[in-house]
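A.B. asks: Below is the file coords_14.tsv, which contains TSV, C-alpha atoms.
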```
chain	number	residue	atom	x	y	z
O	6	MET	CA	-10.20	-18.39	-22.32
O	7	PRO	CA	-9.37	-21.98	-21.27
O	8	ILE	CA	-12.02	-23.45	-18.98
O	9	ILE	CA	-11.07	-26.38	-16.77
O	10	LYS	CA	-14.10	-28.27	-15.46
O	11	LEU	CA	-13.57	-30.46	-12.44
O	12	ASP	CA	-15.90	-32.91	-10.80
O	13	ALA	CA	-14.42	-32.20	-7.40
O	14	THR	CA	-11.46	-30.32	-5.96
O	15	ASP	CA	-10.36	-28.90	-2.60
O	16	SER	CA	-10.88	-25.30	-3.66
O	17	THR	CA	-10.85	-23.78	-7.13
O	18	ASN	CA	-8.58	-20.97	-5.94
O	19	ALA	CA	-6.09	-23.50	-4.56
O	20	TYR	CA	-6.26	-25.50	-7.82
O	21	LEU	CA	-5.56	-22.40	-9.86
O	22	LYS	CA	-2.65	-21.50	-7.61
O	23	ARG	CA	-1.09	-24.91	-8.17
O	24	LEU	CA	-1.58	-24.41	-11.88
O	25	ILE	CA	0.28	-21.09	-11.72
O	26	ALA	CA	3.11	-22.78	-9.85
O	27	SER	CA	3.44	-25.29	-12.68
O	28	ASN	CA	3.73	-22.45	-15.20
O	29	VAL	CA	1.04	-23.65	-17.57
O	30	SER	CA	-1.51	-20.95	-16.96
O	31	GLN	CA	-2.57	-18.25	-19.36
O	32	ASP	CA	-4.50	-15.08	-18.66
O	33	PHE	CA	-8.18	-15.67	-17.89
O	34	THR	CA	-7.83	-19.37	-17.19
O	35	VAL	CA	-11.05	-20.53	-15.49
O	36	VAL	CA	-11.45	-23.43	-13.08
O	37	VAL	CA	-14.96	-24.54	-12.21
O	38	ALA	CA	-15.87	-27.38	-9.84
O	39	ARG	CA	-19.12	-29.27	-9.38
O	40	ASN	CA	-18.09	-30.00	-5.84
O	41	GLN	CA	-15.73	-27.93	-3.74
O	42	LEU	CA	-14.56	-30.00	-0.79
O	43	LYS	CA	-12.67	-27.31	1.10
O	44	GLY	CA	-14.11	-24.06	-0.16
O	45	ARG	CA	-12.72	-21.11	1.71
O	46	GLY	CA	-14.04	-17.79	2.84
O	47	GLN	CA	-12.03	-15.34	4.89
O	48	MET	CA	-8.89	-16.55	6.68
O	49	GLY	CA	-9.91	-19.72	8.48
O	50	THR	CA	-13.57	-19.71	7.47
O	51	HIS	CA	-15.29	-22.05	5.03
O	52	TRP	CA	-17.55	-21.77	2.03
O	53	ILE	CA	-19.91	-24.72	2.09
O	54	SER	CA	-21.87	-25.63	-0.97
O	55	GLU	CA	-24.15	-28.52	-1.84
O	56	GLU	CA	-22.63	-30.67	-4.57
O	57	GLY	CA	-23.60	-29.76	-8.13
O	58	LYS	CA	-26.11	-27.09	-7.11
O	59	ASN	CA	-24.04	-23.95	-7.08
O	60	LEU	CA	-21.52	-22.19	-9.21
O	61	THR	CA	-18.07	-22.28	-7.62
O	62	PHE	CA	-15.25	-21.14	-9.85
O	63	SER	CA	-12.03	-19.17	-10.02
O	64	VAL	CA	-10.54	-16.97	-12.68
O	65	LEU	CA	-6.87	-16.15	-13.15
O	66	LYS	CA	-6.24	-12.54	-14.13
O	67	LYS	CA	-2.70	-11.63	-15.01
O	68	ASN	CA	-2.19	-7.92	-14.48
O	69	LYS	CA	0.15	-5.98	-16.71
O	70	ASP	CA	0.76	-2.97	-14.52
O	71	LEU	CA	-1.41	-2.91	-11.43
O	72	SER	CA	0.01	-1.12	-8.40
O	73	THR	CA	-0.70	-2.35	-4.89
O	74	ASP	CA	-2.21	1.10	-4.28
O	75	ASP	CA	-5.04	0.19	-6.64
O	76	SER	CA	-5.81	-3.21	-5.17
O	77	PHE	CA	-9.32	-2.29	-4.04
O	78	LEU	CA	-10.27	-1.80	-7.69
O	79	LEU	CA	-10.30	-5.60	-7.97
O	80	ASN	CA	-13.12	-5.81	-5.41
O	81	ILE	CA	-14.99	-3.17	-7.41
O	82	ILE	CA	-14.50	-4.81	-10.81
O	83	VAL	CA	-15.50	-8.26	-9.65
O	84	SER	CA	-18.54	-7.21	-7.61
O	85	LEU	CA	-19.87	-4.98	-10.38
O	86	ALA	CA	-19.35	-7.72	-12.97
O	87	ILE	CA	-21.42	-10.12	-10.89
O	88	VAL	CA	-24.16	-7.55	-10.28
O	89	ASP	CA	-24.30	-6.75	-14.01
O	90	SER	CA	-24.72	-10.34	-15.06
O	91	LEU	CA	-27.26	-11.13	-12.34
O	92	LYS	CA	-29.34	-8.14	-13.45
O	93	GLY	CA	-29.65	-9.94	-16.78
O	94	PHE	CA	-31.29	-12.83	-14.96
O	95	GLN	CA	-33.80	-10.44	-13.31
O	96	VAL	CA	-32.45	-10.96	-9.80
O	97	PRO	CA	-34.25	-8.30	-7.71
O	98	ASP	CA	-32.74	-5.50	-5.60
O	99	LEU	CA	-29.05	-6.25	-6.07
O	100	LYS	CA	-26.62	-4.54	-3.70
O	101	ILE	CA	-22.96	-4.83	-2.78
O	102	LYS	CA	-22.30	-5.17	0.91
O	103	TRP	CA	-18.89	-3.61	1.45
O	104	PRO	CA	-16.38	-4.74	0.55
O	105	ASN	CA	-17.57	-7.52	-1.77
O	106	ASP	CA	-20.61	-9.53	-0.75
O	107	ILE	CA	-23.45	-9.61	-3.24
O	108	LEU	CA	-26.92	-9.30	-1.74
O	109	SER	CA	-30.43	-9.47	-3.09
O	110	GLY	CA	-32.52	-7.48	-0.66
O	111	THR	CA	-30.82	-8.39	2.59
O	112	SER	CA	-29.85	-11.96	1.63
O	113	LYS	CA	-26.34	-12.93	0.64
O	114	ILE	CA	-26.26	-14.85	-2.62
O	115	CYS	CA	-22.66	-14.59	-3.69
O	116	GLY	CA	-19.26	-14.46	-2.04
O	117	ILE	CA	-15.97	-13.37	-3.53
O	118	LEU	CA	-12.47	-14.33	-2.43
O	119	ILE	CA	-9.67	-12.59	-4.25
O	120	GLU	CA	-6.06	-13.63	-3.76
O	121	ASN	CA	-3.27	-11.52	-5.21
O	122	ILE	CA	0.30	-12.40	-5.97
O	123	ILE	CA	2.44	-9.41	-5.09
O	124	SER	CA	6.04	-8.78	-5.99
O	125	GLY	CA	7.49	-5.43	-4.95
O	126	ASN	CA	4.69	-2.89	-5.35
O	127	LYS	CA	2.97	-4.65	-8.24
O	128	ILE	CA	0.09	-7.08	-8.24
O	129	LYS	CA	1.34	-9.61	-10.76
O	130	ALA	CA	-1.73	-11.77	-10.85
O	131	SER	CA	-5.10	-12.13	-9.14
O	132	ILE	CA	-7.01	-15.29	-8.42
O	133	ILE	CA	-10.66	-14.38	-8.35
O	134	GLY	CA	-12.78	-16.95	-6.54
O	135	ILE	CA	-16.56	-16.70	-6.85
O	136	GLY	CA	-19.20	-18.75	-5.07
O	137	LEU	CA	-22.73	-18.13	-6.29
O	138	ASN	CA	-25.67	-19.76	-4.52
O	139	THR	CA	-27.70	-20.95	-7.46
O	140	ASN	CA	-29.97	-23.97	-7.13
O	141	GLN	CA	-29.46	-24.83	-3.47
O	142	THR	CA	-32.63	-24.21	-1.49
O	143	ILE	CA	-31.75	-25.24	2.06
O	144	PHE	CA	-29.11	-23.39	4.05
O	145	HIS	CA	-28.37	-24.71	7.51
O	146	ASN	CA	-27.32	-22.17	10.14
O	147	VAL	CA	-26.87	-19.37	7.63
O	148	PRO	CA	-30.07	-17.35	8.09
O	149	LYS	CA	-28.98	-14.52	5.78
O	150	ALA	CA	-28.19	-16.76	2.81
O	151	SER	CA	-30.39	-17.20	-0.22
O	152	SER	CA	-30.04	-18.52	-3.76
O	153	LEU	CA	-31.14	-17.60	-7.25
O	154	LYS	CA	-33.62	-20.47	-7.21
O	155	LEU	CA	-35.22	-19.23	-3.99
O	156	LEU	CA	-35.39	-15.70	-5.38
O	157	LEU	CA	-36.52	-16.48	-8.93
O	158	GLY	CA	-38.51	-19.64	-8.33
O	159	LYS	CA	-36.76	-21.60	-11.06
O	160	THR	CA	-33.71	-23.78	-11.59
O	161	LEU	CA	-30.90	-22.14	-13.52
O	162	ASP	CA	-28.45	-23.70	-15.91
O	163	LEU	CA	-24.99	-23.45	-14.32
O	164	ASP	CA	-23.12	-23.38	-17.64
O	165	GLU	CA	-25.22	-20.55	-18.99
O	166	LEU	CA	-24.76	-18.59	-15.79
O	167	LEU	CA	-21.00	-19.14	-15.88
O	168	LYS	CA	-20.84	-17.93	-19.47
O	169	GLU	CA	-22.66	-14.69	-18.59
O	170	LEU	CA	-20.50	-14.05	-15.53
O	171	LEU	CA	-17.27	-14.58	-17.45
O	172	ASN	CA	-18.47	-12.31	-20.26
O	173	SER	CA	-19.18	-9.44	-17.91
O	174	LEU	CA	-15.95	-9.97	-16.02
O	175	GLU	CA	-13.95	-9.90	-19.23
O	176	SER	CA	-15.72	-6.84	-20.58
O	177	ILE	CA	-15.26	-4.84	-17.35
O	178	PHE	CA	-11.55	-5.65	-17.32
O	179	GLN	CA	-11.35	-4.47	-20.95
O	180	ASP	CA	-13.28	-1.27	-20.15
O	181	VAL	CA	-10.82	-0.42	-17.39
O	182	GLN	CA	-7.95	-0.74	-19.86
O	183	LYS	CA	-9.70	1.61	-22.28
O	184	LYS	CA	-11.55	4.10	-20.12
O	185	GLY	CA	-9.96	3.93	-16.69
O	186	SER	CA	-11.78	3.20	-13.47
O	187	GLU	CA	-13.52	6.43	-12.50
O	188	GLU	CA	-17.01	5.35	-13.57
O	189	LEU	CA	-16.61	2.04	-11.78
O	190	TRP	CA	-15.77	3.71	-8.47
O	191	GLU	CA	-18.90	5.82	-8.90
O	192	ALA	CA	-21.11	2.87	-9.77
O	193	TYR	CA	-19.73	0.90	-6.83
O	194	GLY	CA	-20.42	3.78	-4.42
O	195	GLU	CA	-24.00	4.06	-5.67
O	196	ILE	CA	-24.91	0.41	-5.28
O	197	LEU	CA	-23.51	-0.07	-1.76
O	198	PHE	CA	-25.90	-1.80	0.61
O	199	ARG	CA	-27.47	0.68	3.09
O	200	LYS	CA	-25.89	3.68	1.43
O	201	ASP	CA	-27.30	6.93	2.90
O	202	LYS	CA	-29.59	5.02	5.24
O	203	PRO	CA	-29.34	5.29	9.02
O	204	SER	CA	-27.43	2.15	10.01
O	205	THR	CA	-25.93	0.58	13.09
O	206	PHE	CA	-22.35	-0.66	13.16
O	207	GLN	CA	-20.30	-2.46	15.71
O	208	ASP	CA	-16.69	-1.39	16.11
O	209	SER	CA	-13.80	-3.63	17.12
O	210	ASN	CA	-14.51	-3.03	20.82
O	211	LYS	CA	-18.08	-4.32	20.32
O	212	LYS	CA	-19.36	-0.77	20.79
O	213	LYS	CA	-22.41	0.10	18.71
O	214	ILE	CA	-22.30	3.22	16.61
O	215	MET	CA	-24.89	4.88	14.42
O	216	GLY	CA	-24.06	6.37	11.05
O	217	PHE	CA	-24.65	6.62	7.32
O	218	ILE	CA	-22.55	4.87	4.68
O	219	ARG	CA	-21.38	7.59	2.29
O	220	GLY	CA	-18.95	5.67	0.08
O	221	VAL	CA	-15.43	4.26	0.01
O	222	SER	CA	-12.02	5.93	0.11
O	223	ALA	CA	-9.31	5.40	-2.51
O	224	GLU	CA	-7.87	2.66	-0.29
O	225	GLY	CA	-11.28	1.01	-0.15
O	226	LYS	CA	-12.07	1.98	3.43
O	227	LEU	CA	-15.73	2.47	4.25
O	228	ILE	CA	-16.65	6.12	4.80
O	229	ILE	CA	-19.29	6.44	7.50
O	230	GLU	CA	-20.85	9.73	8.48
O	231	LEU	CA	-21.28	9.69	12.24
O	232	GLU	CA	-23.18	12.05	14.53
O	233	ASP	CA	-22.28	15.76	14.23
O	234	ASN	CA	-21.64	15.25	10.49
O	235	VAL	CA	-18.19	13.81	11.16
O	236	LYS	CA	-17.00	11.47	8.41
O	237	LYS	CA	-14.71	8.66	9.41
O	238	GLU	CA	-13.00	5.90	7.43
O	239	PHE	CA	-13.04	2.32	8.64
O	240	GLY	CA	-10.96	-0.67	7.57
O	241	PHE	CA	-12.44	-4.12	6.98
O	242	LYS	CA	-12.15	-5.52	10.48
O	243	GLU	CA	-12.67	-2.24	12.27
O	244	VAL	CA	-16.40	-2.15	11.74
O	245	THR	CA	-19.28	-4.56	11.16
O	246	LEU	CA	-22.58	-3.49	9.72
O	247	LEU	CA	-25.53	-4.83	11.72
O	248	TYR	CA	-28.64	-5.55	9.68
Z	21	MET	CA	4.22	8.17	27.32
Z	22	ASP	CA	6.42	7.27	24.36
Z	23	ILE	CA	6.54	4.20	22.14
Z	24	LYS	CA	9.32	2.58	24.19
Z	25	GLU	CA	7.32	2.89	27.38
Z	26	ILE	CA	4.24	1.48	25.67
Z	27	GLN	CA	6.27	-1.42	24.31
Z	28	SER	CA	7.69	-2.26	27.71
Z	29	LEU	CA	4.22	-1.94	29.23
Z	30	ILE	CA	2.89	-4.45	26.68
Z	31	LYS	CA	5.73	-6.84	27.49
Z	32	PHE	CA	5.08	-6.41	31.19
Z	33	VAL	CA	1.36	-7.13	30.81
Z	34	ALA	CA	2.09	-10.16	28.64
Z	35	LYS	CA	4.44	-11.56	31.28
Z	36	SER	CA	2.12	-10.79	34.19
Z	37	GLY	CA	-0.50	-13.25	32.97
Z	38	ALA	CA	-3.27	-10.64	33.13
Z	39	SER	CA	-5.72	-10.92	30.26
Z	40	GLU	CA	-6.64	-7.25	30.08
Z	41	VAL	CA	-5.19	-4.02	31.44
Z	42	LYS	CA	-6.70	-0.57	31.00
Z	43	LEU	CA	-4.66	2.53	31.65
Z	44	GLU	CA	-5.87	6.08	31.43
Z	45	THR	CA	-3.82	9.23	31.96
Z	46	ASP	CA	-4.52	12.84	31.02
Z	47	ASP	CA	-3.50	12.49	27.41
Z	48	ILE	CA	-3.64	8.79	26.64
Z	49	LYS	CA	-5.90	5.80	27.05
Z	50	ILE	CA	-4.58	2.31	26.47
Z	51	THR	CA	-6.24	-1.09	26.59
Z	52	ILE	CA	-3.97	-4.10	26.35
Z	53	ARG	CA	-5.47	-7.52	25.88
Z	54	THR	CA	-3.34	-10.61	25.80
Z	55	GLY	CA	-4.10	-13.86	24.06
Z	56	ALA	CA	-4.25	-15.67	27.41
Z	57	VAL	CA	-6.01	-19.03	27.52
Z	58	GLY	CA	-9.76	-18.62	27.55
Z	59	SER	CA	-9.76	-15.05	26.33
Z	60	GLY	CA	-8.26	-15.73	22.92
Z	61	SER	CA	-11.55	-15.41	21.11
Z	62	ASP	CA	-12.02	-11.92	22.52
Z	63	THR	CA	-8.79	-10.56	21.10
Z	64	THR	CA	-9.87	-7.79	18.82
Z	65	TYR	CA	-7.73	-8.33	15.76
Z	66	VAL	CA	-7.85	-12.09	15.61
Z	67	GLN	CA	-10.89	-13.16	13.68
Z	68	GLN	CA	-10.25	-16.82	13.05
Z	69	ILE	CA	-10.18	-19.76	15.41
Z	70	PRO	CA	-7.26	-19.14	17.76
Z	71	VAL	CA	-4.21	-21.05	16.65
Z	72	PRO	CA	-1.02	-21.53	18.59
Z	73	GLN	CA	0.75	-18.22	18.29
Z	74	THR	CA	4.32	-18.10	17.14
Z	75	PRO	CA	6.49	-16.21	19.58
Z	76	LEU	CA	7.41	-12.64	18.69
Z	77	ALA	CA	11.12	-13.23	19.01
Z	78	PRO	CA	12.54	-15.68	16.50
Z	79	ILE	CA	13.44	-18.99	18.03
Z	80	PRO	CA	17.21	-19.20	18.01
Z	81	GLN	CA	17.88	-22.12	15.75
Z	82	ALA	CA	21.56	-21.48	16.30
Z	83	PRO	CA	22.95	-22.89	13.09
Z	84	ALA	CA	26.70	-22.34	12.97
Z	85	GLU	CA	26.52	-19.65	10.27
Z	86	THR	CA	24.13	-17.32	12.10
Z	87	PRO	CA	25.81	-16.58	15.42
Z	88	ALA	CA	24.01	-13.21	15.64
Z	89	LEU	CA	20.88	-15.05	16.65
Z	90	SER	CA	22.18	-16.34	19.94
Z	91	PRO	CA	20.40	-14.53	22.74
Z	92	GLU	CA	23.69	-13.69	24.46
Z	93	ALA	CA	24.89	-11.61	21.53
Z	94	SER	CA	25.12	-7.95	22.48
Z	95	THR	CA	22.77	-5.50	20.79
Z	96	LYS	CA	25.65	-3.67	19.17
Z	97	GLU	CA	27.02	-6.84	17.70
Z	98	SER	CA	23.66	-7.90	16.29
Z	99	GLN	CA	23.08	-4.46	14.81
Z	100	GLU	CA	26.35	-4.66	12.95
Z	101	ASP	CA	25.44	-8.09	11.69
Z	102	ASP	CA	21.97	-6.92	10.65
Z	103	ALA	CA	23.58	-4.45	8.24
Z	104	LYS	CA	24.60	-7.23	5.90
Z	105	TYR	CA	21.05	-8.58	5.79
Z	106	ILE	CA	18.28	-7.49	3.47
Z	107	THR	CA	15.08	-6.27	5.12
Z	108	ILE	CA	11.88	-7.35	3.43
Z	109	LYS	CA	9.22	-4.72	4.05
Z	110	SER	CA	5.46	-4.77	3.79
Z	111	PRO	CA	4.24	-3.37	0.46
Z	112	ILE	CA	0.78	-2.66	1.92
Z	113	ILE	CA	-1.18	-1.97	5.10
Z	114	GLY	CA	-3.05	-5.01	6.37
Z	115	THR	CA	-3.02	-8.06	8.60
Z	116	PHE	CA	0.09	-10.23	8.43
Z	117	TYR	CA	-0.32	-14.01	8.27
Z	118	ARG	CA	2.57	-16.45	8.28
Z	119	LYS	CA	0.43	-19.38	7.13
Z	120	PRO	CA	-1.76	-19.93	4.07
Z	121	SER	CA	-4.55	-21.03	6.44
Z	122	PRO	CA	-4.68	-21.62	10.21
Z	123	ASP	CA	-4.24	-25.41	9.88
Z	124	LYS	CA	-1.23	-25.20	7.55
Z	125	PRO	CA	2.47	-24.77	8.40
Z	126	ALA	CA	4.12	-21.35	8.04
Z	127	PHE	CA	5.42	-20.37	4.59
Z	128	VAL	CA	8.89	-19.75	6.01
Z	129	GLU	CA	10.71	-20.22	9.30
Z	130	VAL	CA	13.99	-18.87	10.58
Z	131	GLY	CA	16.64	-20.80	8.67
Z	132	SER	CA	14.44	-21.47	5.61
Z	133	SER	CA	16.17	-21.04	2.28
Z	134	ILE	CA	14.14	-18.87	-0.06
Z	135	SER	CA	14.36	-18.11	-3.76
Z	136	LYS	CA	13.12	-15.12	-5.66
Z	137	GLY	CA	9.39	-15.61	-6.27
Z	138	ASP	CA	8.75	-17.75	-3.19
Z	139	VAL	CA	5.73	-16.74	-1.12
Z	140	LEU	CA	6.81	-15.44	2.30
Z	141	CYS	CA	3.51	-14.47	3.91
Z	142	VAL	CA	-0.06	-13.37	3.28
Z	143	ILE	CA	-1.17	-9.83	4.05
Z	144	GLU	CA	-4.92	-9.35	4.14
Z	145	ALA	CA	-6.31	-5.94	3.33
Z	146	MET	CA	-9.95	-5.08	2.69
Z	147	LYS	CA	-10.77	-8.76	2.23
Z	148	LEU	CA	-8.10	-9.15	-0.45
Z	149	PHE	CA	-5.59	-11.87	0.35
Z	150	ASN	CA	-2.15	-10.92	-0.86
Z	151	ASP	CA	0.62	-13.49	-1.25
Z	152	ILE	CA	3.85	-11.59	-0.82
Z	153	GLU	CA	6.63	-12.95	-3.00
Z	154	SER	CA	10.28	-12.56	-2.21
Z	155	GLU	CA	12.31	-10.36	-4.54
Z	156	VAL	CA	15.55	-11.81	-3.25
Z	157	SER	CA	17.10	-15.23	-2.66
Z	158	GLY	CA	18.79	-16.21	0.58
Z	159	LYS	CA	18.07	-17.48	4.03
Z	160	ILE	CA	15.51	-16.17	6.54
Z	161	VAL	CA	17.39	-14.82	9.56
Z	162	LYS	CA	14.55	-13.20	11.47
Z	163	VAL	CA	10.78	-13.01	11.35
Z	164	LEU	CA	9.97	-9.56	12.69
Z	165	VAL	CA	6.19	-9.65	12.95
Z	166	GLU	CA	3.91	-11.95	14.90
Z	167	ASP	CA	1.32	-14.04	13.06
Z	168	SER	CA	-2.13	-12.38	12.62
Z	169	SER	CA	-0.96	-8.92	13.64
Z	170	PRO	CA	-1.56	-5.63	11.83
Z	171	VAL	CA	1.29	-4.26	9.71
Z	172	GLU	CA	1.94	-0.80	8.30
Z	173	PHE	CA	3.21	0.13	4.85
Z	174	ASP	CA	7.01	-0.32	4.72
Z	175	GLN	CA	7.12	-2.09	8.08
Z	176	PRO	CA	10.03	-4.57	8.16
Z	177	LEU	CA	8.73	-8.15	8.03
Z	178	PHE	CA	11.76	-10.40	7.53
Z	179	LEU	CA	15.52	-10.22	7.61
Z	180	VAL	CA	17.19	-12.23	4.87
Z	181	ASP	CA	20.82	-13.22	4.58
Z	182	PRO	CA	21.48	-12.99	0.83
Z	183	SER	CA	24.88	-14.71	0.92
```
What is this structure when it is put down as structure tokens?

C.D. replies:
Amino acid sequence: MPIIKLDATDSTNAYLKRLIASNVSQDFTVVVARNQLKGRGQMGTHWISEEGKNLTFSVLKKNKDLSTDDSFLLNIIVSLAIVDSLKGFQVPDLKIKWPNDILSGTSKICGILIENIISGNKIKASIIGIGLNTNQTIFHNVPKASSLKLLLGKTLDLDELLKELLNSLESIFQDVQKKGSEELWEAYGEILFRKDKPSTFQDSNKKKIMGFIRGVSAEGKLIIELEDNVKKEFGFKEVTLLY
Amino acid sequence: MDIKEIQSLIKFVAKSGASEVKLETDDIKITIRTGAVGSGSDTTYVQQIPVPQTPLAPIPQAPAETPALSPEASTKESQEDDAKYITIKSPIIGTFYRKPSPDKPAFVEVGSSISKGDVLCVIEAMKLFNDIESEVSGKIVKVLVEDSSPVEFDQPLFLVDPS
């Protein structure tokens, strides 16, 4: 597992992509940056992190035979790996907010940005970007953000944290090879934020709807049970959970 | 109301300059919102900062070797010409993006030469960002989908001239 440590870069995902283009990348290459100058979230959004205080890194996973039909499994593997390793640091009340935000209580502590390289119907490689709020204690204009330091009351060693995260990521990928993914889908469904609790959502027409999260479909759509016991599946931009 | 009628209705609304039209009949209810100035941020499927939209129809670059692109060409003629092109289809359901990020240029334009393995577009699905690589080499003849719009599985995205 080669680990490339950078003082600063635009984004670790972008760096890894350039590395792939130059053909010198092996499976599980890791890029970690002290300072990410142009960290990215969803299309057009940013991931802003105070220099040297948080863990921002990307992992290259070359897939042998992963069909595009199974792409949501990547969200499951990566979120569960993060939850597993954070449990080891006694982070309280860990939940996954669908599809892949990691929360402690109701505060977001970790974001995931996965980019896949698809050829035909196969996912050749995945670039797994992870931003974990670690020792930063002030978050401007992001009221729902928190960090491990705020939650645990102590400063964490970034290298140690990285080591734990990579270990759980590697072992979950190995488990999938050996045992398949059924247990992971189950575990993911169980740990979903606001599962089986009455929740309010906003649909794409800004209309508010009430329902219960019951799980995810094979495509990764969120299954919400609405009034009259009707279950409906929603895609990522079709519904927003209000909390 | 069939797909053709809906399509022409959408075109009509787009041309009219109206920002929103609601239509309700016995069996169908349609809301059409356009990306008109000032209402761009309300457009349902666009989640990022509005960027200049690329037009739906490919801009005729009119290089000598692609006469089929000239707007005067009859439909029949262009259909015959299309047969020699390869259609690149969407491998997944998601949102189609022509650029790696809103402030970057498009991966490919009409007339771009592409090689096998080149990234043609990004399709976002369930917060996974998928770079779609070309399986063929050639030249982009048409871009069939507008930036930031939803695409279905197997929906044609690009026409490529392999010669």

A.B. asks: Rounded to one decimal in Å, what is the spacing between atom CA of Z:Ala103 and atom CA of Z:Ser183?

C.D. replies: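 Answer for the atom CA of Z:Ala103 to atom CA of Z:Ser183 separation: 12.7 Å.
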
A.B. asks: O:Leu42: which residues within 8 Å, counting only C-alpha atoms, same-chain residues fewer than 3 positions away excluded, as JSON, numbers by chain?

C.D. replies: {"O": [13, 14, 15, 16]}

A.B. asks: Pick from O:Leu65, O:Leu166, O:Val221, O:Leu155: nearest to chain Z, with all atoms listed in the file counted?

C.D. replies: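 That would be O:Val221, the residue with the smallest distance to chain Z.
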
A.B. asks: Please provide the set of residues having any atom within 7 Å of stretch 145-150 of chain Z, restricted to all atoms listed in the file, with same-chain residues fewer than 2 positions apart removed, written as a PyMOL selection string.

C.D. replies: (chain O and resi 104+119-123+225+240-241) or (chain Z and resi 113-115+142-143+152)

A.B. asks: Go ahead and compute the interatomic distance for atom CA of Z:Phe127 and atom CA of Z:Ser110, in Å to one decimal.

C.D. replies: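 Separating atom CA of Z:Phe127 from atom CA of Z:Ser110 is a distance of 15.6 Å.
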
A.B. asks: Compute the chain O side of the contact with chain Z at 9 Å, counting only C-alpha atoms, and hand it back as number ranges by chain.

C.D. replies: O: 47-50, 73-74, 76-77, 79-80, 104-105, 118-128, 131, 209-210, 224-226, 240-243

A.B. asks: How far is it from atom CA of O:Thr160 to atom CA of O:Val83, in Å with one decimal?

C.D. replies: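 Computing the Euclidean distance for atom CA of O:Thr160 and atom CA of O:Val83 yields 24.0 Å.
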
A.B. asks: Which of these residues is nearest to Z:Ser157, using only C-alpha atoms: Z:Glu129, Z:Phe116, Z:Val180, Z:Thr51?

C.D. replies: Z:Val180

A.B. asks: Which of these, O:Ser109, O:Gln207, O:Gln141, O:Ser90, has the shortest distance to O:Ser176 once you count all atoms listed in the file?

C.D. replies: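 For O:Ser176, the nearest of the given residues is O:Ser90.
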
A.B. asks: Set the distance at 8 Å and use all atoms listed in the file: which residues neighbour O:Lys67 once local chain neighbours fewer than 6 positions away are removed? I'd like the list as a list of chain:residue names.

C.D. replies: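 Contacts, in chain order: O:Gln31, O:Asp32, O:Phe33, O:Lys129, O:Ala130, O:Ser131.
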